[in-house]
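What follows is one structure encoded as structure tokens, with my remarks underneath.
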Amino acid sequence: MATQSPVYIAGAYEHPTREAPEKSTMQLHAEVARGALEDANLEKDSIDAYFTAGMPEYESGLTPLIMADYLGLDVSYADTTDFGGSSYISHVGHAVAAIRNGTCDVALITLAGRPRSRGQATGSGAREIRTTQDSFERIYGATNIGMYGMAAQRHMHEYGTTPEQLAEIRVAASHHAQFNEHAMYQDPVTVDDVVSSRVVADPLHLLDCCVISDGGGALLVVSEDVRSRLEHECVEVLGHGESIGHHQAGRIDLTRTAARESGSRAFDEAGLDPTDVDYASIYDSFTITVLEAIEDLGFCAKGDGGSFVEGGALKAPNGELPFNTDGGGLCSNHPANRGGMTKVIEAVRQLRGDANDEVQVDADIALAHGTGGSIGTRHGAATVVLGGEDR
Amino acid sequence: MSWEPRPTPEITPETKRYWSAAADETLLVRECGDCGLVHHYPRAYCPDCFSDDVNWREATGTGTVYSYSVTRTMSGWPDDDLPLIVAYVELDDGPRMLTNLDCDPEALDIGTRVEVRFVSLESADAAIPVFVPLEE
Ligand SMILES: [Zn+2]
């Protein structure tokens, strides 16, 4: 909004590793923090706010304390909002608010994790019973993919969506991944490859699922004052929105997500709408996650996601809505099983013209959206709308 | 059919009545005395109006499959229980309930009418509600 001071993402860094058996998770946090500082040409001492979500392997909400200690940070503001994979998009919005409030000038956001080195397999079932909900969900073997499978099943039932349409999402991601030297899976796949891969949980196949990778990423969000002292191109945060979707007291609707609220809030704040978006990073834990988000963010009507993604709409550079040009979580990277961070990073690359040449979009406005937790039970949705400085 | 070694519920003061009723082959839901909402999973407060006047009520035990997914492989899960059908059943009492369906996946579709069955636990005064297709 015109009355608010602009806030910028000045640094973004994605760890090139996808498997890090010899490193600690904290070490990965430090490496991505250093990478973001180098990208922004800022010194560590300039950091005065720190954002990170829980660290799954420590099951700890004390992560900002653990990490501020490890990294040697001296901060006046910290936030550990944990929306699962959408956390890091939420953190961008919270950092903007804290900076506009005058509480801080340079906010560091980090994510790191090593699920691959720890041997996690696709379709693993969480067995621990900790919350009241676990006693009514996990006892039934409610895995993440099983719950997203149910969402896909219901979407197909209500709207006639097909497995082949879901597969188009993987096909577009794999088309982009072939140009990313760091992507876990760089070979382009066809619709037939996806629908003939092993069914993990009906109707989702193995290739409907994201990768399991080690790694991480970091962002630096800065005030207008700090930005004015930097010479490289930064990215302006134009709008942010978030929401939590859940059981609705027993009325859960598996075909819609809280992206409807988070997206409209982000667009409202930015004074823009979906037709203004040149590039979108959309969290892709599973293909159905993307399909429902595309509808709920308003890129097409509810139920039309299947036909929307047919015919290459998601393919860069010329599709109607180029998405996840790094290959996304489906093909490139899904560090800590949390995809929000890499979504922001690729949107920043697109706006700065730093994406891989073959998939670089002429982008002035980008969107990054995350869906964390499970759309089958409860999930966080966070959306940011970003603008290039030359727009 | 034995439930263990699958995960078993943690029985708390808030949910003890639900689980012990299940051991007696009765499915309970909670109904709000103020706004009338019938909800599941059971909570001490109405998730619509925040009233604490929420009463236990016997459910009809019947419902309709809202959605389901068949899981063929799951690490750490007993092979005997695979494929596993996870489902939301929309109870005739109102709320959608996460559960398992104990049937042939081929005999199943969204909209299939189902009724509750209980699998008893050896380790506690509790049983697990699952659903099977309703015999017409
Ligand atoms: Zn009520």
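As shown in the structure tokens, the chain order sets the letters A, B, ...; within each chain, residues go from 1, and ligands are also counted from 1 in the order they appear.
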
Surroundings of ligand 1 up to 7 Å, based on only C-alpha atoms and all ligand atoms, as a PyMOL selection string: chain B and resi 32-37+46-51

Could you turn the residues from that selection into a file that holds C-alpha atoms, as a PDB file, in the first residue's frame?
ATOM      1  CA  CYS B  32     -24.079 -28.859  21.821  1.00  0.00           C
ATOM      2  CA  GLY B  33     -26.932 -27.959  24.163  1.00  0.00           C
ATOM      3  CA  ASP B  34     -26.783 -24.339  23.040  1.00  0.00           C
ATOM      4  CA  CYS B  35     -26.401 -24.307  19.242  1.00  0.00           C
ATOM      5  CA  GLY B  36     -27.195 -27.952  18.450  1.00  0.00           C
ATOM      6  CA  LEU B  37     -23.944 -28.715  16.595  1.00  0.00           C
ATOM      7  CA  CYS B  46     -18.408 -26.686  21.197  1.00  0.00           C
ATOM      8  CA  PRO B  47     -16.117 -25.721  18.294  1.00  0.00           C
ATOM      9  CA  ASP B  48     -18.831 -23.501  16.826  1.00  0.00           C
ATOM     10  CA  CYS B  49     -20.206 -21.473  19.759  1.00  0.00           C
ATOM     11  CA  PHE B  50     -17.678 -22.263  22.537  1.00  0.00           C
ATOM     12  CA  SER B  51     -20.396 -23.493  24.893  1.00  0.00           C
TER      13      SER B  51
END

Which chain A residues are at most 6 Å from chain B (counting only C-alpha atoms), as a PDB file with C-alpha atoms, in the first residue's frame?
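Dumped to iface.pdb:
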ATOM      1  CA  GLY A 123       4.470 -42.825   2.667  1.00  0.00           C
ATOM      2  CA  SER A 124       5.941 -43.206   6.139  1.00  0.00           C
ATOM      3  CA  ARG A 127       2.822 -43.360  14.838  1.00  0.00           C
ATOM      4  CA  SER A 135      -5.817 -40.502  18.917  1.00  0.00           C
ATOM      5  CA  ILE A 139      -4.430 -44.761  14.957  1.00  0.00           C
ATOM      6  CA  TYR A 140      -6.046 -45.204  11.551  1.00  0.00           C
ATOM      7  CA  GLY A 146      -3.137 -41.038   2.329  1.00  0.00           C
ATOM      8  CA  GLY A 149      -4.958 -39.071  -1.673  1.00  0.00           C
ATOM      9  CA  MET A 150      -8.375 -38.614  -0.119  1.00  0.00           C
ATOM     10  CA  ARG A 154     -12.862 -36.233  -3.596  1.00  0.00           C
ATOM     11  CA  ALA A 201      -2.110 -44.085  -1.957  1.00  0.00           C
ATOM     12  CA  ASP A 202      -5.056 -43.996  -4.349  1.00  0.00           C
ATOM     13  CA  ALA A 249     -15.960 -28.852  13.487  1.00  0.00           C
ATOM     14  CA  GLY A 250     -16.612 -31.968  11.397  1.00  0.00           C
ATOM     15  CA  ARG A 251     -17.431 -30.282   8.072  1.00  0.00           C
TER      16      ARG A 251
END

Close residues, segment 269-277 of chain A itself excluded, 6 Å, only C-alpha atoms, min 4 positions apart in chain, as JSON, numbers by chain: {"A": [238, 239, 299, 365, 366]}

Sel. of strand (DSSP E or B) residues, segment 32-64 of chain B, as a list of chain:residue names: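 Output for segment 32-64 of chain B, strand (DSSP E or B) only: B:Cys32, B:Val38, B:His39, B:Val54, B:Asn55, B:Trp56, B:Arg57, B:Glu58, B:Thr62, B:Gly63, B:Thr64.
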
All residues 12 Å or closer to Ala121 of chain A, only C-alpha atoms, same chain fewer than 3 positions away omitted, as JSON, numbers by chain: {"A": [115, 116, 117, 118, 124, 125, 126, 143, 144, 145, 200, 206, 209, 210, 211, 212, 213, 337], "B": [73, 74, 75, 76]}

Trp56 of chain B surroundings by only C-alpha atoms, 8 Å radius, close-in-sequence under 4 positions cut, as a count of residues only: 4

Exercise: Val32 of chain A partners within 9 Å, only C-alpha atoms, chain neighbours under 4 positions left out, as JSON, numbers by chain: {"A": [12, 13, 14, 15, 27, 28, 36, 37, 110, 111, 112, 215, 216, 217, 218, 219]}

Just N, CA and C atoms for this one: save the residues we selected as a PDB file, in the first residue's frame.
ATOM      1  N   ALA A  12      18.818 -14.118  -0.891  1.00  0.00           N
ATOM      2  CA  ALA A  12      18.152 -15.425  -0.957  1.00  0.00           C
ATOM      3  C   ALA A  12      19.198 -16.461  -1.322  1.00  0.00           C
ATOM      4  N   TYR A  13      19.127 -17.598  -0.650  1.00  0.00           N
ATOM      5  CA  TYR A  13      20.130 -18.628  -0.921  1.00  0.00           C
ATOM      6  C   TYR A  13      19.532 -20.006  -0.691  1.00  0.00           C
ATOM      7  N   GLU A  14      19.694 -20.865  -1.682  1.00  0.00           N
ATOM      8  CA  GLU A  14      19.275 -22.263  -1.545  1.00  0.00           C
ATOM      9  C   GLU A  14      20.518 -23.135  -1.472  1.00  0.00           C
ATOM     10  N   HIS A  15      20.598 -23.980  -0.486  1.00  0.00           N
ATOM     11  CA  HIS A  15      21.752 -24.871  -0.374  1.00  0.00           C
ATOM     12  C   HIS A  15      21.779 -25.817  -1.572  1.00  0.00           C
ATOM     13  N   GLN A  27      24.500 -26.999  11.197  1.00  0.00           N
ATOM     14  CA  GLN A  27      25.533 -26.578  10.246  1.00  0.00           C
ATOM     15  C   GLN A  27      24.887 -26.122   8.930  1.00  0.00           C
ATOM     16  N   LEU A  28      23.874 -26.848   8.493  1.00  0.00           N
ATOM     17  CA  LEU A  28      23.174 -26.443   7.261  1.00  0.00           C
ATOM     18  C   LEU A  28      22.495 -25.082   7.443  1.00  0.00           C
ATOM     19  N   ALA A  36      23.008 -16.436   2.229  1.00  0.00           N
ATOM     20  CA  ALA A  36      22.087 -15.306   2.037  1.00  0.00           C
ATOM     21  C   ALA A  36      22.786 -13.984   2.327  1.00  0.00           C
ATOM     22  N   LEU A  37      23.654 -13.977   3.330  1.00  0.00           N
ATOM     23  CA  LEU A  37      24.408 -12.746   3.634  1.00  0.00           C
ATOM     24  C   LEU A  37      25.314 -12.362   2.464  1.00  0.00           C
ATOM     25  N   THR A 110      15.691 -18.799   8.241  1.00  0.00           N
ATOM     26  CA  THR A 110      16.415 -20.004   7.799  1.00  0.00           C
ATOM     27  C   THR A 110      15.553 -21.250   7.917  1.00  0.00           C
ATOM     28  N   LEU A 111      15.865 -22.191   7.055  1.00  0.00           N
ATOM     29  CA  LEU A 111      15.288 -23.542   7.068  1.00  0.00           C
ATOM     30  C   LEU A 111      16.406 -24.520   6.773  1.00  0.00           C
ATOM     31  N   ALA A 112      16.458 -25.632   7.504  1.00  0.00           N
ATOM     32  CA  ALA A 112      17.372 -26.718   7.140  1.00  0.00           C
ATOM     33  C   ALA A 112      16.843 -28.018   7.717  1.00  0.00           C
ATOM     34  N   GLY A 215      18.876 -30.478   3.058  1.00  0.00           N
ATOM     35  CA  GLY A 215      19.280 -29.168   2.558  1.00  0.00           C
ATOM     36  C   GLY A 215      18.615 -28.051   3.327  1.00  0.00           C
ATOM     37  N   GLY A 216      18.438 -26.921   2.635  1.00  0.00           N
ATOM     38  CA  GLY A 216      17.826 -25.785   3.305  1.00  0.00           C
ATOM     39  C   GLY A 216      17.930 -24.535   2.466  1.00  0.00           C
ATOM     40  N   GLY A 217      17.504 -23.439   3.075  1.00  0.00           N
ATOM     41  CA  GLY A 217      17.563 -22.160   2.395  1.00  0.00           C
ATOM     42  C   GLY A 217      17.420 -21.030   3.389  1.00  0.00           C
ATOM     43  N   ALA A 218      17.746 -19.828   2.922  1.00  0.00           N
ATOM     44  CA  ALA A 218      17.667 -18.665   3.808  1.00  0.00           C
ATOM     45  C   ALA A 218      17.276 -17.433   3.010  1.00  0.00           C
ATOM     46  N   LEU A 219      16.633 -16.503   3.716  1.00  0.00           N
ATOM     47  CA  LEU A 219      16.229 -15.222   3.138  1.00  0.00           C
ATOM     48  C   LEU A 219      16.641 -14.100   4.074  1.00  0.00           C
TER      49      LEU A 219
END

Atom pair atom CA of Val222 of chain A / atom CA of Arg349 of chain A: separation (Å):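 Those two atoms sit 17.0 Å apart.
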
Residues near segment 183-195 of chain A, cut-off 8 Å, only C-alpha atoms, skip fewer than 6 positions along chain, as a VMD selection string: chain A and resid 18 163 to 164 167 to 168 170 to 171 174 to 175 177 205 to 208 211 326 to 327 331 to 333

Would you save the residues of that selection, restricted to N, CA, C and O atoms, as a short mmCIF file (atom, residue, chain, number, x, y, z; two decimals), in the first residue's frame?
data_model
loop_
_atom_site.label_atom_id
_atom_site.label_comp_id
_atom_site.auth_asym_id
_atom_site.auth_seq_id
_atom_site.Cartn_x
_atom_site.Cartn_y
_atom_site.Cartn_z
N ARG A 18 21.56 -31.96 -1.79
CA ARG A 18 20.29 -32.67 -1.65
C ARG A 18 20.46 -33.87 -0.72
O ARG A 18 19.50 -34.55 -0.41
N PRO A 163 -6.43 -38.53 -13.18
CA PRO A 163 -5.01 -38.75 -12.84
C PRO A 163 -4.08 -38.14 -13.89
O PRO A 163 -2.99 -37.67 -13.55
N GLU A 164 -4.52 -38.16 -15.15
CA GLU A 164 -3.68 -37.59 -16.21
C GLU A 164 -3.53 -36.08 -16.05
O GLU A 164 -2.47 -35.52 -16.35
N ALA A 167 -1.09 -35.49 -13.40
CA ALA A 167 0.25 -35.81 -13.91
C ALA A 167 0.86 -34.63 -14.67
O ALA A 167 2.08 -34.46 -14.69
N GLU A 168 0.01 -33.81 -15.31
CA GLU A 168 0.52 -32.64 -16.05
C GLU A 168 1.36 -31.73 -15.17
O GLU A 168 2.27 -31.04 -15.64
N ARG A 170 3.34 -32.67 -12.64
CA ARG A 170 4.67 -33.27 -12.55
C ARG A 170 5.44 -33.10 -13.87
O ARG A 170 6.65 -32.87 -13.88
N VAL A 171 4.72 -33.25 -14.96
CA VAL A 171 5.36 -33.12 -16.27
C VAL A 171 5.98 -31.72 -16.42
O VAL A 171 7.13 -31.57 -16.85
N SER A 174 9.01 -31.35 -14.16
CA SER A 174 10.19 -32.09 -14.64
C SER A 174 10.79 -31.42 -15.88
O SER A 174 12.00 -31.48 -16.09
N HIS A 175 9.94 -30.77 -16.66
CA HIS A 175 10.46 -30.01 -17.80
C HIS A 175 11.42 -28.91 -17.31
O HIS A 175 12.49 -28.69 -17.89
N ALA A 177 12.99 -28.93 -14.33
CA ALA A 177 14.10 -29.51 -13.56
C ALA A 177 15.27 -29.91 -14.44
O ALA A 177 16.41 -29.97 -13.98
N HIS A 205 0.17 -41.49 -7.37
CA HIS A 205 1.28 -42.35 -7.73
C HIS A 205 2.58 -41.82 -7.12
O HIS A 205 2.63 -40.68 -6.66
N LEU A 206 3.61 -42.64 -7.22
CA LEU A 206 4.91 -42.21 -6.70
C LEU A 206 5.33 -40.88 -7.31
O LEU A 206 5.85 -40.00 -6.62
N LEU A 207 5.08 -40.68 -8.61
CA LEU A 207 5.52 -39.44 -9.26
C LEU A 207 4.56 -38.27 -9.01
O LEU A 207 4.80 -37.17 -9.48
N ASP A 208 3.48 -38.51 -8.27
CA ASP A 208 2.65 -37.40 -7.78
C ASP A 208 3.22 -36.82 -6.49
O ASP A 208 2.68 -35.85 -5.95
N VAL A 211 9.99 -35.00 -3.70
CA VAL A 211 11.21 -35.71 -3.33
C VAL A 211 11.42 -35.61 -1.82
O VAL A 211 10.81 -34.79 -1.14
N ASP A 326 12.33 -24.07 -10.86
CA ASP A 326 13.50 -24.80 -10.37
C ASP A 326 13.26 -26.31 -10.40
O ASP A 326 14.17 -27.09 -10.11
N GLY A 327 12.04 -26.72 -10.75
CA GLY A 327 11.67 -28.13 -10.65
C GLY A 327 10.84 -28.40 -9.40
O GLY A 327 10.26 -29.48 -9.27
N CYS A 331 10.51 -32.30 -8.14
CA CYS A 331 11.69 -32.80 -8.86
C CYS A 331 13.02 -32.32 -8.29
O CYS A 331 14.03 -33.00 -8.44
N SER A 332 13.04 -31.13 -7.67
CA SER A 332 14.34 -30.58 -7.30
C SER A 332 14.70 -30.76 -5.83
O SER A 332 15.69 -31.38 -5.49
N ASN A 333 13.88 -30.19 -4.95
CA ASN A 333 14.32 -30.06 -3.55
C ASN A 333 13.13 -29.87 -2.63
O ASN A 333 12.20 -29.12 -2.96
#

Atomic separation - atom CA of Val384 of chain A relative to atom CA of Ile169 of chain A, Å: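 Result for atom CA of Ile169 of chain A versus atom CA of Val384 of chain A: 21.3 Å, one decimal.
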
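The shortest atom-to-atom distance to Leu108 of chain A, with only C-alpha atoms taken into account, belongs to A:Asp48 out of A:Glu128, A:Asp69, A:Glu292, A:Asp48.
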
Nearest to Asp296 of chain A, chosen from A:Asn324, A:Ser46, A:Ser228, A:Thr255, with only C-alpha atoms counted in the distances: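 Closest residue, counting only C-alpha atoms: A:Thr255.
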
Residue nearest His247 of chain A among A:Gly376, A:Gly312, A:Gly113, A:Gly85 (counting only C-alpha atoms):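 Using only C-alpha atoms, the shortest distance to His247 of chain A belongs to A:Gly376.
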